[in-house]
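final.cif, holding mmCIF, C-alpha atoms:
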data_coords
#
loop_
_atom_site.label_atom_id
_atom_site.label_comp_id
_atom_site.auth_asym_id
_atom_site.auth_seq_id
_atom_site.Cartn_x
_atom_site.Cartn_y
_atom_site.Cartn_z
CA MET L 1 38.42 0.95 15.63
CA LYS L 2 39.38 -2.69 15.40
CA ILE L 3 42.00 -3.77 12.89
CA PHE L 4 41.76 -7.33 11.63
CA PRO L 5 44.89 -8.66 9.96
CA ALA L 6 43.81 -11.44 7.60
CA ILE L 7 44.88 -15.05 7.22
CA ASP L 8 43.53 -17.05 4.29
CA ILE L 9 44.28 -20.76 4.60
CA LYS L 10 44.64 -23.10 1.61
CA ASP L 11 46.37 -26.48 1.78
CA LYS L 12 47.64 -25.58 5.30
CA LYS L 13 49.42 -22.49 3.93
CA CYS L 14 48.81 -18.75 4.08
CA VAL L 15 47.69 -17.51 0.68
CA ARG L 16 46.18 -14.39 -0.85
CA LEU L 17 43.80 -14.41 -3.80
CA VAL L 18 43.08 -11.65 -6.30
CA LYS L 19 39.32 -11.01 -6.53
CA GLY L 20 38.70 -14.41 -4.97
CA ASP L 21 40.24 -16.26 -7.93
CA PHE L 22 41.78 -19.57 -6.79
CA ALA L 23 43.84 -19.67 -9.99
CA ASN L 24 45.36 -16.30 -9.11
CA LYS L 25 46.86 -16.93 -5.71
CA THR L 26 50.11 -16.12 -3.94
CA GLU L 27 51.49 -18.55 -1.34
CA TYR L 28 53.53 -17.26 1.59
CA GLU L 29 56.23 -19.06 3.53
CA MET L 30 54.84 -18.56 7.03
CA SER L 31 52.36 -21.12 8.31
CA PRO L 32 48.97 -19.80 9.48
CA VAL L 33 49.94 -20.42 13.12
CA GLU L 34 53.27 -18.59 12.71
CA GLN L 35 51.49 -15.71 10.99
CA ALA L 36 48.93 -15.48 13.80
CA GLY L 37 51.81 -15.43 16.30
CA LYS L 38 53.44 -12.59 14.40
CA TYR L 39 50.23 -10.55 14.58
CA TYR L 40 49.85 -11.34 18.28
CA ASP L 41 53.45 -10.32 19.01
CA HIS L 42 52.82 -6.97 17.30
CA GLY L 43 49.92 -6.28 19.64
CA PHE L 44 46.90 -7.05 17.48
CA LYS L 45 43.80 -8.18 19.35
CA ASN L 46 41.61 -9.35 16.46
CA LEU L 47 42.11 -11.73 13.57
CA HIS L 48 40.13 -12.46 10.39
CA ILE L 49 40.55 -16.01 9.08
CA VAL L 50 39.09 -17.56 5.93
CA ASP L 51 39.27 -21.30 5.40
CA LEU L 52 39.48 -21.42 1.61
CA ASP L 53 39.47 -25.23 1.68
CA GLY L 54 36.23 -24.96 3.64
CA ALA L 55 34.81 -22.53 1.09
CA LEU L 56 35.41 -25.14 -1.62
CA THR L 57 34.21 -28.20 0.30
CA GLY L 58 31.68 -26.97 2.86
CA GLU L 59 33.63 -28.76 5.62
CA THR L 60 35.66 -27.47 8.58
CA VAL L 61 38.86 -28.58 6.86
CA ASN L 62 41.31 -26.51 8.91
CA LEU L 63 39.62 -26.73 12.31
CA ASP L 64 42.84 -28.07 13.86
CA ILE L 65 44.77 -24.97 12.75
CA ILE L 66 42.06 -22.68 14.13
CA GLN L 67 42.09 -24.55 17.44
CA GLU L 68 45.88 -24.23 17.67
CA ILE L 69 45.74 -20.47 17.03
CA VAL L 70 43.00 -20.00 19.65
CA THR L 71 44.93 -22.06 22.20
CA LYS L 72 48.31 -20.39 21.68
CA PHE L 73 47.32 -16.74 21.34
CA ASP L 74 44.88 -14.45 23.09
CA LEU L 75 43.20 -13.25 19.90
CA LYS L 76 39.55 -12.60 19.10
CA ILE L 77 38.99 -14.55 15.91
CA GLU L 78 36.31 -14.32 13.27
CA ILE L 79 36.26 -17.32 10.92
CA GLY L 80 34.55 -17.82 7.58
CA GLY L 81 34.65 -20.13 4.60
CA GLY L 82 32.02 -22.69 3.63
CA ILE L 83 30.11 -22.71 6.93
CA ARG L 84 26.78 -24.20 5.89
CA ASN L 85 25.25 -25.93 8.91
CA PHE L 86 24.82 -25.72 12.68
CA GLU L 87 27.37 -28.49 13.23
CA SER L 88 30.16 -26.41 11.70
CA ILE L 89 29.13 -23.34 13.69
CA GLN L 90 29.16 -25.43 16.87
CA LYS L 91 32.64 -26.79 16.12
CA TYR L 92 34.05 -23.30 15.72
CA THR L 93 32.32 -21.86 18.78
CA ASP L 94 33.51 -24.88 20.80
CA ALA L 95 37.03 -24.15 19.53
CA GLY L 96 36.77 -20.66 21.05
CA VAL L 97 36.36 -18.31 18.11
CA GLU L 98 34.57 -15.02 18.78
CA LYS L 99 32.47 -14.84 15.58
CA VAL L 100 31.45 -17.31 12.90
CA ILE L 101 30.91 -15.73 9.48
CA LEU L 102 28.01 -16.99 7.38
CA GLY L 103 28.06 -16.07 3.71
CA SER L 104 26.65 -18.09 0.82
CA ALA L 105 24.51 -20.35 3.01
CA ALA L 106 22.87 -17.32 4.65
CA ILE L 107 22.22 -15.59 1.35
CA LYS L 108 20.74 -18.70 -0.26
CA ASP L 109 18.62 -19.49 2.81
CA LYS L 110 17.60 -16.57 5.01
CA ASN L 111 15.90 -18.94 7.48
CA PHE L 112 19.25 -20.61 8.13
CA LEU L 113 20.69 -17.22 9.06
CA LYS L 114 17.74 -16.39 11.30
CA ASP L 115 17.88 -19.76 13.09
CA ALA L 116 21.67 -19.52 13.50
CA CYS L 117 21.37 -16.09 15.13
CA GLU L 118 18.80 -17.48 17.56
CA LYS L 119 20.77 -20.63 18.33
CA PHE L 120 24.14 -18.86 18.65
CA PRO L 121 23.39 -15.39 20.05
CA ASN L 122 26.06 -12.76 19.47
CA LYS L 123 28.24 -15.29 17.62
CA ILE L 124 27.04 -14.86 14.04
CA ALA L 125 28.62 -12.44 11.60
CA LEU L 126 27.18 -11.99 8.12
CA GLY L 127 29.55 -11.84 5.17
CA LEU L 128 28.19 -9.70 2.37
CA ASP L 129 30.40 -10.07 -0.70
CA ALA L 130 29.26 -7.75 -3.46
CA LYS L 131 30.09 -7.08 -7.07
CA ASP L 132 28.55 -4.05 -8.78
CA GLY L 133 25.91 -3.85 -6.05
CA TYR L 134 24.85 -7.50 -6.26
CA LEU L 135 25.71 -10.24 -3.77
CA SER L 136 27.97 -13.08 -4.91
CA VAL L 137 27.95 -16.61 -3.50
CA SER L 138 29.81 -19.93 -3.72
CA GLY L 139 33.34 -18.57 -3.45
CA TRP L 140 32.30 -15.58 -5.59
CA LYS L 141 31.73 -17.82 -8.61
CA GLU L 142 27.97 -17.14 -8.70
CA ASN L 143 25.99 -13.92 -8.77
CA SER L 144 22.94 -14.26 -6.53
CA ASN L 145 20.88 -11.67 -8.48
CA GLN L 146 20.13 -10.06 -5.12
CA LEU L 147 20.92 -6.43 -4.51
CA THR L 148 23.06 -6.12 -1.37
CA LEU L 149 20.97 -3.41 0.24
CA ASP L 150 17.66 -5.17 -0.49
CA TYR L 151 18.91 -8.38 1.11
CA LEU L 152 20.23 -6.51 4.16
CA LYS L 153 16.88 -4.82 4.70
CA GLU L 154 15.20 -8.25 4.71
CA VAL L 155 17.50 -9.74 7.35
CA ASN L 156 18.27 -6.60 9.37
CA ASP L 157 16.21 -7.71 12.38
CA TYR L 158 17.51 -11.30 12.57
CA GLY L 159 20.08 -10.58 15.27
CA VAL L 160 23.33 -10.65 13.28
CA SER L 161 26.10 -9.29 15.52
CA ARG L 162 28.46 -8.01 12.80
CA ILE L 163 28.54 -7.51 9.04
CA ILE L 164 31.68 -7.96 6.95
CA TYR L 165 31.23 -6.08 3.70
CA THR L 166 33.60 -6.91 0.84
CA ASP L 167 33.69 -5.32 -2.59
CA ILE L 168 34.95 -8.18 -4.77
CA ASN L 169 36.26 -5.85 -7.46
CA ARG L 170 38.63 -4.35 -4.89
CA ASP L 171 39.69 -7.52 -3.05
CA GLY L 172 43.40 -8.23 -3.36
CA MET L 173 43.81 -5.26 -5.69
CA LYS L 174 45.12 -2.74 -3.14
CA GLN L 175 43.07 0.04 -4.75
CA SER L 176 41.35 1.18 -1.53
CA PRO L 177 38.02 -0.18 -0.27
CA ASN L 178 34.71 0.89 -1.78
CA PHE L 179 33.89 3.39 0.93
CA ASP L 180 30.78 4.70 -0.83
CA GLU L 181 29.05 1.32 -0.96
CA THR L 182 30.26 0.42 2.53
CA SER L 183 28.72 3.63 3.87
CA LYS L 184 25.38 2.73 2.27
CA VAL L 185 25.51 -0.64 4.06
CA SER L 186 26.57 0.84 7.42
CA GLU L 187 23.85 3.50 7.29
CA ILE L 188 21.01 0.97 7.17
CA SER L 189 22.61 -1.89 9.13
CA ASN L 190 21.33 -2.61 12.65
CA CYS L 191 24.75 -3.99 13.60
CA PRO L 192 28.29 -2.63 13.18
CA VAL L 193 30.14 -3.17 9.90
CA ILE L 194 33.66 -4.36 9.10
CA ILE L 195 35.26 -3.02 5.91
CA SER L 196 36.99 -5.58 3.71
CA GLY L 197 38.69 -5.62 0.32
CA GLY L 198 41.33 -3.39 -1.21
CA VAL L 199 43.02 -1.78 1.80
CA SER L 200 46.25 -0.34 0.44
CA SER L 201 47.59 2.23 2.91
CA LEU L 202 47.22 3.81 6.32
CA ASP L 203 45.15 6.52 4.64
CA ASP L 204 42.43 3.90 4.07
CA ILE L 205 42.43 3.20 7.82
CA LYS L 206 42.04 6.90 8.58
CA ILE L 207 39.10 7.23 6.16
CA ALA L 208 37.43 4.18 7.73
CA LYS L 209 37.70 5.80 11.15
CA SER L 210 35.70 8.79 9.92
CA LEU L 211 32.69 6.69 8.83
CA LYS L 212 29.66 5.94 11.00
CA ASN L 213 28.76 2.48 12.35
CA ILE L 214 32.13 1.01 11.30
CA GLU L 215 33.53 -1.42 13.87
CA GLY L 216 36.76 -2.25 12.09
CA ILE L 217 38.70 -2.96 8.92
CA ILE L 218 40.39 -6.06 7.48
CA VAL L 219 43.92 -5.77 6.09
CA GLY L 220 45.38 -8.60 4.02
CA LYS L 221 47.53 -8.36 0.94
CA ALA L 222 48.98 -4.95 1.83
CA ILE L 223 50.54 -6.53 4.93
CA TYR L 224 51.92 -9.55 3.11
CA ASP L 225 53.37 -7.45 0.29
CA GLY L 226 54.94 -4.98 2.74
CA ASP L 227 52.90 -1.94 1.68
CA ILE L 228 51.73 -1.48 5.26
CA LYS L 229 54.18 -2.11 8.08
CA LEU L 230 52.76 -3.91 11.13
CA ASP L 231 54.36 -1.43 13.53
CA GLU L 232 52.60 1.44 11.78
CA LEU L 233 49.31 -0.44 11.63
CA THR L 234 49.22 -1.22 15.34
CA ARG L 235 49.38 2.51 16.09
CA GLU L 236 45.99 2.85 14.43
CA ILE L 237 44.32 0.43 16.86
CA ASP L 238 41.92 2.18 19.22
#
Will you turn the file into structure tokens for me?
Amino acid sequence: MKIFPAIDIKDKKCVRLVKGDFANKTEYEMSPVEQAGKYYDHGFKNLHIVDLDGALTGETVNLDIIQEIVTKFDLKIEIGGGIRNFESIQKYTDAGVEKVILGSAAIKDKNFLKDACEKFPNKIALGLDAKDGYLSVSGWKENSNQLTLDYLKEVNDYGVSRIIYTDINRDGMKQSPNFDETSKVSEISNCPVIISGGVSSLDDIKIAKSLKNIEGIIVGKAIYDGDIKLDELTREID
């Protein structure tokens, strides 16, 4: 199973949010490039990056940082945050990222998702951010009134290469991921699923490994706060 340490970028710094709340954020001293280097030095192969500035503006605000990370380290990167058009997808794929995550734009416009999957085969990941079973959009500030599983059934044949499923109520809370809901998603999904939100211990990693159609898991705040040691986490990489 793949383990994706997370880097959230805001104002050129590494930050972590609680339940996606920009007013409830913790800034960390390491720069995003230094943090990526730390993960690389510990033997991680994959990296999950969210451009929070991009999520707010809809622009590729931190493209230069992403390019520097790709150039310096041999890491497979998935990047998300406010990616709303083909131009942004192209910029990231040109920069060398492995997967581009579409979220709000794909949920608001299913045709955009379908066209993106056709135009960028095997490059598009779909970010499903859910609260109480319903998808949220626009930096989690809006409820889309769409049930997660209903939406997934509608787009299941579009050619998405990966799904990142996040339970917003768990994100940044270190209360363990919502494995029940994630399992429901992974059971019907035509592509593998990444678990996101709430990872608190190595036990969560072990549970994730026992589930079907799970490609990997994202670990964020638990690393930054020292609850999970990087040396221990790298032993869980398959």
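Going from atom CA of Asn46 of chain L over to atom CA of Gly20 of chain L, you cover 22.2 Å.
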- request: Given the file shown, determine the residues that the PyMOL selection byres ((chain L and resi 74) around 10) selects; report them as a ChimeraX atom specification.
  value: /L:37,40,44-46,69-73,75-77
- line: Counting all atoms listed in the file, closest pick from L:Thr26, L:Asp53, L:Ile65, L:Gly198 relative to Lys10 of chain L is L:Asp53
query: Could you spell out the hits of the PyMOL selection byres ((chain L and resi 25) around 12) on the shown file, as an NGL selection string?
result: :L and (8-10 or 13-24 or 26-28 or 52 or 172 or 221)
message: So that I can check the surroundings of Ala95 of chain L, please list as a VMD selection string every protein, DNA and RNA residue that reaches within 10 Å of it, counting only C-alpha atoms and ignoring chain neighbours fewer than 5 positions away.
response: chain L and resid 63 to 64 66 to 71 89 to 90
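Take the candidates L:Glu78, L:Asp132, L:Asp94, L:Glu59 and check each one against Ile7 of chain L using all atoms listed in the file; the shortest distance goes to L:Glu78.
Distance annotation: of L:Lys99, L:Arg84, L:Lys184, L:Lys209, the residue with the minimal separation from Met1 of chain L is L:Lys209; atom set is only C-alpha atoms.
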message: Using all atoms listed in the file for the distances, tell me which of L:Lys2, L:Lys12, L:Lys110, L:Arg162 is nearest to Leu47 of chain L.
response: L:Lys2
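Among L:Ala130, L:Val137, L:Leu56, L:Ile228, the residue with the shortest atom-to-atom distance to Glu181 of chain L, counting all atoms listed in the file, is L:Ala130.
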field: Surrounding residues of Tyr158 of chain L excluding itself and chain neighbours under 6 positions, 9 Å, all atoms listed in the file, as a VMD selection string
entry: chain L and resid 113 to 115 117 to 118
As lines of an AutoDock Vina configuration file: centre and edge lengths in Å, one decimal, of the axis-aligned box holding segment 70-78 of chain L with 5 Å per side:
center_x = 42.3
center_y = -17.3
center_z = 18.2
size_x = 22.0
size_y = 19.5
size_z = 19.8
message: Ranking L:Asp41, L:Ile217, L:Val160, L:Ile101 by minimum distance to Thr182 of chain L and counting only C-alpha atoms, which one comes first?
response: L:Ile217
field: Output of the PyMOL selection byres ((chain L and resi 213) around 8), listed as a PyMOL selection string
entry: chain L and resi 186-187+191-193+211-212+214-215
Please produce an output containing C-alpha atoms for each residue in the selection, written as a compact mmCIF listing (two decimals), keeping the file's coordinate frame.
# COMPACT_ATOMS: atom_id res chain seq x y z
CA SER L 186 26.57 0.84 7.42
CA GLU L 187 23.85 3.50 7.29
CA CYS L 191 24.75 -3.99 13.60
CA PRO L 192 28.29 -2.63 13.18
CA VAL L 193 30.14 -3.17 9.90
CA LEU L 211 32.69 6.69 8.83
CA LYS L 212 29.66 5.94 11.00
CA ILE L 214 32.13 1.01 11.30
CA GLU L 215 33.53 -1.42 13.87
- prompt: Just how far from atom CA of Asn85 of chain L is atom CA of Lys108 of chain L, in Å to one decimal?
  reply: 12.5 Å
task: May I ask for the distance between atom CA of Ile168 of chain L and atom CA of Ser196 of chain L, given in Å to one decimal place?
output: 9.1 Å
- request: Extract, using all atoms listed in the file, all DNA, RNA and protein residues at most 12 Å from Val199 of chain L, discarding same-chain residues fewer than 3 positions from it, and format them as an NGL selection string.
  value: :L and (3-6 or 166-167 or 170-179 or 195-196 or 202-208 or 217-225 or 227-228 or 233)
